[in-house]
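One structure is given here, and the rest of the page talks about it.
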Amino acid sequence: MDRTLASATVNSTQLDHIDEMVLWASQEYVSTPPALMLSRLLDLLAEVQELAASRQPATVQVRLSELTAMISTLTADALMKLGDLVRSRSWYATARTAADDSGNVELRARVRAQAAMLPFYYGPTVSAVNLCREARVISSRARTSATHAFAAAAEARALAKLGAQAEAEAALRYAAKAFEHFGGDSATDAFAFPARRYLLYKSGTLTALGHTREARVVQEEALALYRDKSGIDPALLRLEAAICFARDRSPDEACQLAGTTFLRMDPSHRTPIVEERAREVVEVLPPSIRTGRAARELLEIIELPPGPR
């Protein structure tokens, strides 16, 4: 029995190496196109799966479950951005299972808050609210990082999308206090929640609530922090600014900003999430203007095939 308990096919050096690879992948994920990241993530998953398939001491198994949860979350997120919703949903479920198996409270909360992105963008939005609330409750037991603030900010944005104004504003105030208390992460990987990401969620909440003046201030502040950074987040902020123009009945400015943002993006980052957000600019316009020249030109830009434009 002692030999069984001590048996292992992996040592600490191997685990440290995989830890480093996962950290590197999470840092690269912030700016690397999702299609390119998928193959790297799946290679890491295969390596972790091979080690986890054998009987390992409990401390080793916990680390393997944590790694599985992190890689699965990034894989699910990449698939979501690419519009592969069925497989994305499956990988998010795997990430939650692995996080629960690890017993890591913060990771359990983080994975649920991340998983809420799928129903937030593709529905049902109420599922996003429920996942965020669950993440907030779990993280409240530890409150050792910005994960609690992340869950609250994500909940506020989802509530705003549902049209639950009073609840969304209350959740946003709670998120602001939580972020101020815990502070933003200084890390730059995909699991961090720095000030610029907090402002991204705040922008989404204010935009959905129709608080356009406040939203523009937040968007400018966030874009200043995203300066010199590529990826989807800065584009989403500019598209939200375009939605604010549309809500303020400035269709030409709205469609021009959205079209310019879309054209300037790296084609590999023009995923279905970005396309749907750009279409929302037209949907927010008054019905009588949606068939106008500015709106038609924006829709034509969105329909252009991938590649140099």
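Residues are referred to by chain and number: the chain letter is A, B, ... according to the order shown in the structure tokens, the number counts from 1 in that chain, and ligands are numbered separately from 1 in the order shown.
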*Please give the complete set of residues from segment 86-306 of chain A that DSSP, run on the backbone, assigns to helix (DSSP H, G or I), formatted as a PyMOL selection string.*
chain A and resi 86-102+105-115+117-122+125-139+147-162+165-182+195-209+212-225+232-247+251-264+267-269+272-284+293-303
*If we count only C-alpha atoms, what is near Leu237 of chain A at a cut-off of 7 Å, once residues fewer than 4 positions away on the same chain are taken out, given as a list in words?*
Leu200, Gln219, Asp233 and Ala241 of chain A
_If I take atom CA of Gln56 of chain A and atom CA of Arg108 of chain A, how far is one from the other in Å, to one decimal?_
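Separating atom CA of Gln56 of chain A from atom CA of Arg108 of chain A is a distance of 21.5 Å.
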*Point out the residue among A:Ala149, A:Ala164, A:Ile18, A:Ala46 with the least atom-to-atom distance to Lys177 of chain A, counting only C-alpha atoms.*
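Counting only C-alpha atoms, the residue closest to Lys177 of chain A is A:Ala149.
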*asked:* So that I can check the surroundings of segment 204-206 of chain A, please list as a PyMOL selection string every protein, DNA and RNA residue that reaches within 6 Å of it, counting only C-alpha atoms and ignoring chain neighbours fewer than 5 positions away.
replied: chain A and resi 157+160+211+215
Could you write out that same residue set with N, CA and C atoms as a tab-separated table (two decimals), in the first residue's frame?
chain	number	residue	atom	x	y	z
A	157	ARG	N	-22.35	43.34	-16.47
A	157	ARG	CA	-22.48	43.46	-17.92
A	157	ARG	C	-23.59	42.56	-18.45
A	160	ALA	N	-26.97	44.04	-17.55
A	160	ALA	CA	-27.27	45.18	-18.41
A	160	ALA	C	-27.78	44.73	-19.76
A	211	HIS	N	-26.02	54.57	-21.02
A	211	HIS	CA	-25.33	55.68	-20.37
A	211	HIS	C	-24.13	56.08	-21.25
A	215	ALA	N	-20.06	56.06	-20.68
A	215	ALA	CA	-19.40	54.97	-21.41
A	215	ALA	C	-18.22	55.50	-22.23
*Residues near Ala166 of chain A, cut-off 12 Å, only C-alpha atoms, skip fewer than 5 positions along chain, as number ranges by chain*: A: 156, 159-160, 171-173, 205, 209
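The shell of residues at most 10 Å from Arg247 of chain A, with only C-alpha atoms counted and near chain neighbours (fewer than 6 positions) removed, consists of Thr207, Ala208, Gly210, His211, Thr212, Ala241, Ala254, Val281, Val284, Leu285 and Pro286 of chain A.
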*Out of A:Cys244, A:Leu41, A:Ser203, A:Pro272, which residue has the shortest atom-to-atom distance to Leu85 of chain A when counting only C-alpha atoms?*
A:Pro272
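Distance check against Leu304 of chain A using only C-alpha atoms: of A:Glu280, A:Glu221, A:Glu275, A:Asp16, the minimum falls on A:Glu275.
Straight-line separation from atom CA of Ser268 of chain A to atom CA of Thr75 of chain A: 16.5 Å.
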Proximity check segment 257-300 of chain A to segment 31-34 of chain A, 10 Å, nearest pairs one decimal Å, only C-alpha atoms, as JSON lines:
{"residue": "A:Asp266", "atom": "CA", "partner": "A:Pro33", "partner_atom": "CA", "distance": 8.8}
{"residue": "A:Pro267", "atom": "CA", "partner": "A:Pro33", "partner_atom": "CA", "distance": 9.2}
{"residue": "A:Ser268", "atom": "CA", "partner": "A:Pro33", "partner_atom": "CA", "distance": 5.7}
{"residue": "A:His269", "atom": "CA", "partner": "A:Pro33", "partner_atom": "CA", "distance": 5.6}
{"residue": "A:Arg270", "atom": "CA", "partner": "A:Pro33", "partner_atom": "CA", "distance": 9.1}
{"residue": "A:Thr271", "atom": "CA", "partner": "A:Pro34", "partner_atom": "CA", "distance": 8.7}
_Give me, as an NGL selection string, all polymer residues having an atom no more than 9 Å from segment 94-97 of chain A, counting only C-alpha atoms and skipping those fewer than 3 positions away in the same chain._
:A and (65-66 or 68-73 or 76 or 89-91 or 100-102 or 107-108 or 111-112 or 115)
*Could you jot down the atom CA of Ala258 of chain A to atom CA of Ser288 of chain A separation for me, Å, one decimal place?*
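One can read the atom CA of Ala258 of chain A to atom CA of Ser288 of chain A distance as 19.2 Å.
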_Nearest to Gly163 of chain A by atom-to-atom distance, counting only C-alpha atoms, from A:Ile138, A:Thr125, A:Arg133, A:Met37_ =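 Of A:Ile138, A:Thr125, A:Arg133, A:Met37, the one nearest Gly163 of chain A is A:Thr125, counting only C-alpha atoms.
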*For segment 150-155 of chain A, please output as JSON, numbers by chain all residues within 7 Å (counting only C-alpha atoms; exclusion window: fewer than 5 positions along the same chain).*
{"A": [113, 129, 132, 133, 135, 136, 171, 172, 174, 175, 193, 198, 201, 202]}
Quick one: write out the picked residues with all heavy atoms as a CSV table (one decimal), in the first residue's frame?
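Writing the result to part-v3.csv gives the following:
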chain,number,residue,atom,x,y,z
A,113,ALA,N,-16.6,32.3,-14.2
A,113,ALA,CA,-16.7,33.6,-14.7
A,113,ALA,C,-16.3,33.7,-16.2
A,113,ALA,O,-16.9,34.3,-17.0
A,113,ALA,CB,-15.8,34.6,-13.9
A,129,VAL,N,-25.6,35.3,-16.4
A,129,VAL,CA,-25.8,35.9,-15.1
A,129,VAL,C,-25.6,34.9,-14.0
A,129,VAL,O,-25.0,35.1,-12.9
A,129,VAL,CB,-27.2,36.5,-15.0
A,129,VAL,CG1,-27.5,37.0,-13.5
A,129,VAL,CG2,-27.3,37.7,-16.0
A,132,CYS,N,-21.9,33.9,-13.4
A,132,CYS,CA,-21.2,35.0,-12.8
A,132,CYS,C,-21.6,35.0,-11.3
A,132,CYS,O,-20.7,35.2,-10.4
A,132,CYS,CB,-21.5,36.3,-13.4
A,132,CYS,SG,-20.9,36.5,-15.1
A,133,ARG,N,-22.8,34.8,-11.0
A,133,ARG,CA,-23.2,34.9,-9.6
A,133,ARG,C,-22.6,33.7,-8.8
A,133,ARG,O,-22.2,33.8,-7.7
A,133,ARG,CB,-24.8,34.8,-9.5
A,133,ARG,CG,-25.4,36.2,-9.8
A,133,ARG,CD,-26.9,36.1,-9.7
A,133,ARG,NE,-27.5,37.4,-9.9
A,133,ARG,CZ,-28.7,37.7,-10.1
A,133,ARG,NH1,-29.6,36.7,-10.2
A,133,ARG,NH2,-29.2,38.9,-10.3
A,135,ALA,N,-19.8,32.2,-9.6
A,135,ALA,CA,-18.4,32.6,-9.4
A,135,ALA,C,-18.2,33.6,-8.3
A,135,ALA,O,-17.2,33.4,-7.5
A,135,ALA,CB,-17.9,33.1,-10.7
A,136,ARG,N,-19.1,34.5,-8.2
A,136,ARG,CA,-18.9,35.6,-7.1
A,136,ARG,C,-19.1,34.9,-5.7
A,136,ARG,O,-18.4,35.3,-4.8
A,136,ARG,CB,-19.9,36.7,-7.4
A,136,ARG,CG,-19.8,37.8,-6.4
A,136,ARG,CD,-20.4,39.1,-6.9
A,136,ARG,NE,-21.8,38.9,-7.3
A,136,ARG,CZ,-22.8,39.0,-6.4
A,136,ARG,NH1,-22.6,39.3,-5.1
A,136,ARG,NH2,-24.1,38.9,-6.8
A,171,ALA,N,-24.9,45.9,-9.3
A,171,ALA,CA,-23.8,45.0,-9.5
A,171,ALA,C,-22.5,45.8,-10.0
A,171,ALA,O,-21.4,45.4,-9.5
A,171,ALA,CB,-24.1,44.0,-10.6
A,172,LEU,N,-22.7,46.8,-10.8
A,172,LEU,CA,-21.5,47.6,-11.2
A,172,LEU,C,-20.9,48.4,-10.0
A,172,LEU,O,-19.7,48.5,-9.9
A,172,LEU,CB,-22.0,48.6,-12.3
A,172,LEU,CG,-20.9,49.4,-13.0
A,172,LEU,CD1,-19.9,48.5,-13.6
A,172,LEU,CD2,-21.5,50.4,-14.0
A,174,TYR,N,-21.0,47.4,-6.9
A,174,TYR,CA,-20.4,46.3,-6.1
A,174,TYR,C,-19.0,46.0,-6.8
A,174,TYR,O,-18.0,45.8,-6.1
A,174,TYR,CB,-21.2,45.1,-6.1
A,174,TYR,CG,-20.7,44.0,-5.2
A,174,TYR,CD1,-20.9,44.0,-3.8
A,174,TYR,CD2,-19.9,43.0,-5.8
A,174,TYR,CE1,-20.4,43.0,-3.0
A,174,TYR,CE2,-19.3,42.0,-5.0
A,174,TYR,CZ,-19.6,42.0,-3.6
A,174,TYR,OH,-19.1,41.0,-2.8
A,175,ALA,N,-19.0,45.9,-8.1
A,175,ALA,CA,-17.8,45.5,-8.8
A,175,ALA,C,-16.7,46.6,-8.6
A,175,ALA,O,-15.5,46.3,-8.5
A,175,ALA,CB,-18.0,45.3,-10.3
A,193,PHE,N,-6.8,40.1,-14.4
A,193,PHE,CA,-7.9,41.1,-14.5
A,193,PHE,C,-7.4,42.4,-14.2
A,193,PHE,O,-7.6,43.0,-13.1
A,193,PHE,CB,-9.0,40.7,-13.5
A,193,PHE,CG,-10.3,41.4,-13.8
A,193,PHE,CD1,-11.0,41.3,-15.0
A,193,PHE,CD2,-10.8,42.2,-12.8
A,193,PHE,CE1,-12.2,42.0,-15.2
A,193,PHE,CE2,-12.0,42.9,-13.0
A,193,PHE,CZ,-12.7,42.8,-14.2
A,198,TYR,N,-11.1,45.5,-16.5
A,198,TYR,CA,-12.2,46.0,-15.7
A,198,TYR,C,-13.0,47.1,-16.4
A,198,TYR,O,-14.2,47.1,-16.4
A,198,TYR,CB,-11.7,46.5,-14.3
A,198,TYR,CG,-12.7,47.3,-13.6
A,198,TYR,CD1,-13.8,46.8,-13.0
A,198,TYR,CD2,-12.5,48.7,-13.4
A,198,TYR,CE1,-14.8,47.6,-12.4
A,198,TYR,CE2,-13.4,49.5,-12.7
A,198,TYR,CZ,-14.5,48.9,-12.2
A,198,TYR,OH,-15.4,49.7,-11.6
A,201,TYR,N,-15.3,45.8,-19.2
A,201,TYR,CA,-16.5,45.3,-18.7
A,201,TYR,C,-17.4,46.4,-18.3
A,201,TYR,O,-18.7,46.4,-18.5
A,201,TYR,CB,-16.3,44.3,-17.5
A,201,TYR,CG,-15.9,42.9,-18.0
A,201,TYR,CD1,-14.6,42.7,-18.3
A,201,TYR,CD2,-16.8,41.9,-18.1
A,201,TYR,CE1,-14.1,41.4,-18.7
A,201,TYR,CE2,-16.4,40.6,-18.6
A,201,TYR,CZ,-15.1,40.4,-18.9
A,201,TYR,OH,-14.7,39.2,-19.3
A,202,LYS,N,-16.9,47.4,-17.7
A,202,LYS,CA,-17.6,48.6,-17.3
A,202,LYS,C,-18.2,49.3,-18.5
A,202,LYS,O,-19.4,49.8,-18.5
A,202,LYS,CB,-16.7,49.6,-16.5
A,202,LYS,CG,-17.5,50.8,-15.9
A,202,LYS,CD,-16.6,51.6,-15.0
A,202,LYS,CE,-17.3,52.8,-14.4
A,202,LYS,NZ,-16.5,53.6,-13.5
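Proximity to Leu44 of chain A was assessed for A:Met21, A:Val62, A:Ala192, A:Met117 counting only C-alpha atoms; the smallest distance is recorded for A:Met21.
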